[in-house]
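Working notes, structure below.
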Amino acid sequence: MDAVQPTLVTRLNTEWEWLCADRDSADRVRSWMLDAGVLDEDQAPADLGELCTLLRKGAKRDEPGFIDAWMGVLLHRVSAGDERDGELAARVLVQAMLPHACRMLRGCVRSGEDIEDVAQVVIASLWEVVRTFPIARRPRKVASGLRLELWHRVSRELKRELAPSEHLDETWAAALPGGVEPADAVEPALLAQAAEAAGLSAAVSAVEELEGPRGEMVALLVWALEREVLTTEAASGICDHYREGAPQDAATASAWGVSPVALRRRRSRAVARLRQAAPKWVEAA
């Protein structure tokens, strides 16, 4: 966020420096990772900042199960009921996800909006997602799950917070294309980020396409991936087929190395699963 970094983000980073200087906090987090077998004794730095950097680097290398392991350790601490340990574990997770939250924040701010107000919504949502994530029920793809939960919550909260009201309506409306309402303008940008996080980046080409029925379909597919209703391949197949200018089945089947008949059968099964799960998505929206 550089020159326009919100006060709340600056405060979190300053608070993190203080926390890293606390040896007791570092020892506790380190012991959790050692006890869970996430790191070996000779791997784990004694400094909290260095320890968390090591964990994030391991995640970036995409080591199998590594990110689920260390995030799972912290999330189980959050949900275990020990307030002291839970707060520390949540704070470590919030800091780990802060760069992603800041990228989301940048995509949310529109002309006429105060970045501090948007930051309040995004950071409050981040804390809530970390504190309520159902790790016992969803122990896999934890980082992706947290990002998608954050998207859902921020999307809902910004729609509520940026609902047209009072004298700001005219200012916002004048800055938006085609008289779009501020709340509606936020959604496509957030949806594009969520789709990319869910693995649908190849199927989503432009933010402006994620409006109306197309946006609703992509939002449903993102939810279906988060809940493991569909595989990424199945969701991508639906997303790529049901759009304007979609390629013919023969071309798509050739690219995927299957016959057109097999492709249609695969897509039909995916649509059936999606249709069956759709009522739950409506309830969660």
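Numbering starts fresh at 1 for the residues of each chain in the structure tokens, the chains themselves are lettered A, B, ... in the order given, and ligands are numbered from 1 as they appear.
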Within 10 Å of A:Trp151, counting only C-alpha atoms, which residues show up once you throw out same-chain ones fewer than 6 positions away? Write them as a ChimeraX atom specification, please. /A:101,104,122,125-126,129,145,157,187,190-191,193-195,197
Please produce a file of the residues just selected, as a compact mmCIF listing (two decimals), in the first residue's frame, where the atoms kept are N, CA, C and O atoms.
# COMPACT_ATOMS: atom_id res chain seq x y z
N ALA A 101 -4.73 -9.29 2.44
CA ALA A 101 -5.80 -8.36 2.80
C ALA A 101 -5.55 -6.97 2.21
O ALA A 101 -6.48 -6.29 1.77
N MET A 104 -6.43 -6.99 -1.42
CA MET A 104 -7.87 -6.93 -1.53
C MET A 104 -8.36 -5.51 -1.27
O MET A 104 -9.24 -5.00 -1.97
N VAL A 122 -12.14 -4.37 5.92
CA VAL A 122 -11.32 -5.51 5.49
C VAL A 122 -10.58 -6.14 6.67
O VAL A 122 -10.58 -7.37 6.82
N SER A 125 -12.92 -7.91 9.03
CA SER A 125 -13.33 -9.18 8.41
C SER A 125 -12.23 -10.22 8.51
O SER A 125 -12.51 -11.41 8.74
N LEU A 126 -10.99 -9.78 8.35
CA LEU A 126 -9.85 -10.71 8.47
C LEU A 126 -9.80 -11.33 9.86
O LEU A 126 -9.63 -12.55 10.01
N VAL A 129 -12.67 -13.85 10.20
CA VAL A 129 -12.44 -15.09 9.45
C VAL A 129 -11.46 -16.00 10.18
O VAL A 129 -11.67 -17.21 10.28
N GLY A 145 -9.00 -21.52 1.61
CA GLY A 145 -10.25 -21.38 2.33
C GLY A 145 -10.36 -20.08 3.09
O GLY A 145 -11.40 -19.41 3.08
N GLU A 157 -19.91 -7.21 3.71
CA GLU A 157 -19.82 -6.05 4.58
C GLU A 157 -19.71 -4.75 3.78
O GLU A 157 -20.30 -3.73 4.16
N GLU A 187 -18.25 -5.40 -6.09
CA GLU A 187 -18.36 -6.85 -6.22
C GLU A 187 -17.50 -7.46 -7.33
O GLU A 187 -16.79 -8.43 -7.08
N LEU A 190 -13.75 -7.78 -6.33
CA LEU A 190 -13.55 -8.79 -5.30
C LEU A 190 -13.75 -10.19 -5.86
O LEU A 190 -13.02 -11.13 -5.54
N LEU A 191 -14.75 -10.34 -6.73
CA LEU A 191 -15.04 -11.64 -7.31
C LEU A 191 -13.88 -12.11 -8.18
O LEU A 191 -13.54 -13.29 -8.19
N GLN A 193 -10.73 -11.44 -7.73
CA GLN A 193 -9.68 -11.90 -6.82
C GLN A 193 -10.02 -13.28 -6.26
O GLN A 193 -9.16 -14.15 -6.16
N ALA A 194 -11.28 -13.47 -5.89
CA ALA A 194 -11.68 -14.75 -5.33
C ALA A 194 -11.59 -15.86 -6.37
O ALA A 194 -11.17 -16.98 -6.06
N ALA A 195 -11.98 -15.55 -7.61
CA ALA A 195 -11.91 -16.54 -8.67
C ALA A 195 -10.47 -16.96 -8.93
O ALA A 195 -10.16 -18.14 -9.11
N ALA A 197 -8.00 -16.80 -6.74
CA ALA A 197 -7.55 -17.58 -5.58
C ALA A 197 -8.09 -19.00 -5.62
O ALA A 197 -7.45 -19.94 -5.14
Write down as an MDAnalysis selection string the residues of stretch 6-86 of chain A whose backbone DSSP state falls under helix (DSSP H, G or I). chainID A and resid 7:20 23:35 48:60 66:79 83:86
Output the selection as an mmCIF file, in the first residue's frame - C-alpha atoms for each residue.
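Written file, result_1.cif:
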data_model
loop_
_atom_site.group_PDB
_atom_site.id
_atom_site.type_symbol
_atom_site.label_atom_id
_atom_site.label_comp_id
_atom_site.auth_asym_id
_atom_site.auth_seq_id
_atom_site.Cartn_x
_atom_site.Cartn_y
_atom_site.Cartn_z
ATOM 1 C CA THR A 7 -3.400 3.891 9.605
ATOM 2 C CA LEU A 8 -4.845 0.555 10.735
ATOM 3 C CA VAL A 9 -2.362 -1.415 8.615
ATOM 4 C CA THR A 10 0.539 0.697 9.905
ATOM 5 C CA ARG A 11 -0.646 0.070 13.450
ATOM 6 C CA LEU A 12 -0.810 -3.691 12.864
ATOM 7 C CA ASN A 13 2.734 -3.737 11.476
ATOM 8 C CA THR A 14 4.027 -1.710 14.435
ATOM 9 C CA GLU A 15 2.234 -3.984 16.867
ATOM 10 C CA TRP A 16 3.781 -6.980 15.111
ATOM 11 C CA GLU A 17 7.268 -5.584 15.681
ATOM 12 C CA TRP A 18 6.498 -5.298 19.388
ATOM 13 C CA LEU A 19 5.161 -8.845 19.454
ATOM 14 C CA CYS A 20 8.277 -10.168 17.726
ATOM 15 C CA ARG A 23 10.517 -13.750 23.720
ATOM 16 C CA ASP A 24 7.638 -15.489 25.481
ATOM 17 C CA SER A 25 5.379 -15.156 22.405
ATOM 18 C CA ALA A 26 8.129 -16.498 20.174
ATOM 19 C CA ASP A 27 8.755 -19.469 22.474
ATOM 20 C CA ARG A 28 5.073 -20.384 22.555
ATOM 21 C CA VAL A 29 4.580 -20.310 18.784
ATOM 22 C CA ARG A 30 7.844 -22.186 18.260
ATOM 23 C CA SER A 31 6.824 -24.880 20.743
ATOM 24 C CA TRP A 32 3.496 -25.362 18.953
ATOM 25 C CA MET A 33 5.267 -25.978 15.656
ATOM 26 C CA LEU A 34 7.784 -28.349 17.222
ATOM 27 C CA ASP A 35 5.135 -30.306 19.148
ATOM 28 C CA LEU A 48 9.063 -14.932 16.036
ATOM 29 C CA GLY A 49 9.495 -12.804 12.928
ATOM 30 C CA GLU A 50 12.105 -15.169 11.490
ATOM 31 C CA LEU A 51 9.967 -18.164 12.386
ATOM 32 C CA CYS A 52 6.927 -16.776 10.557
ATOM 33 C CA THR A 53 9.073 -15.842 7.565
ATOM 34 C CA LEU A 54 10.311 -19.429 7.419
ATOM 35 C CA LEU A 55 6.740 -20.738 7.542
ATOM 36 C CA ARG A 56 5.628 -18.428 4.733
ATOM 37 C CA LYS A 57 8.645 -19.345 2.591
ATOM 38 C CA GLY A 58 7.839 -23.015 3.032
ATOM 39 C CA ALA A 59 4.296 -22.288 1.916
ATOM 40 C CA LYS A 60 5.512 -20.425 -1.175
ATOM 41 C CA PHE A 66 3.102 -27.714 4.731
ATOM 42 C CA ILE A 67 0.834 -24.682 4.684
ATOM 43 C CA ASP A 68 -2.118 -26.745 5.920
ATOM 44 C CA ALA A 69 0.073 -28.058 8.738
ATOM 45 C CA TRP A 70 1.285 -24.763 10.208
ATOM 46 C CA MET A 71 -1.914 -22.842 9.600
ATOM 47 C CA GLY A 72 -3.848 -25.765 11.035
ATOM 48 C CA VAL A 73 -1.746 -25.707 14.202
ATOM 49 C CA LEU A 74 -2.578 -22.039 14.719
ATOM 50 C CA LEU A 75 -6.265 -22.384 13.843
ATOM 51 C CA HIS A 76 -6.671 -25.283 16.270
ATOM 52 C CA ARG A 77 -5.164 -23.040 18.965
ATOM 53 C CA VAL A 78 -7.641 -20.315 18.045
ATOM 54 C CA SER A 79 -10.592 -22.669 18.437
ATOM 55 C CA GLU A 83 -7.969 -17.223 25.344
ATOM 56 C CA ARG A 84 -4.281 -16.331 25.736
ATOM 57 C CA ASP A 85 -2.995 -18.874 23.227
ATOM 58 C CA GLY A 86 -5.945 -18.260 20.929
#
message = One number please: atom CA of A:Ala124 to atom CA of A:Arg153, in Å, one decimal.
response =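 So the answer is 9.7 Å.
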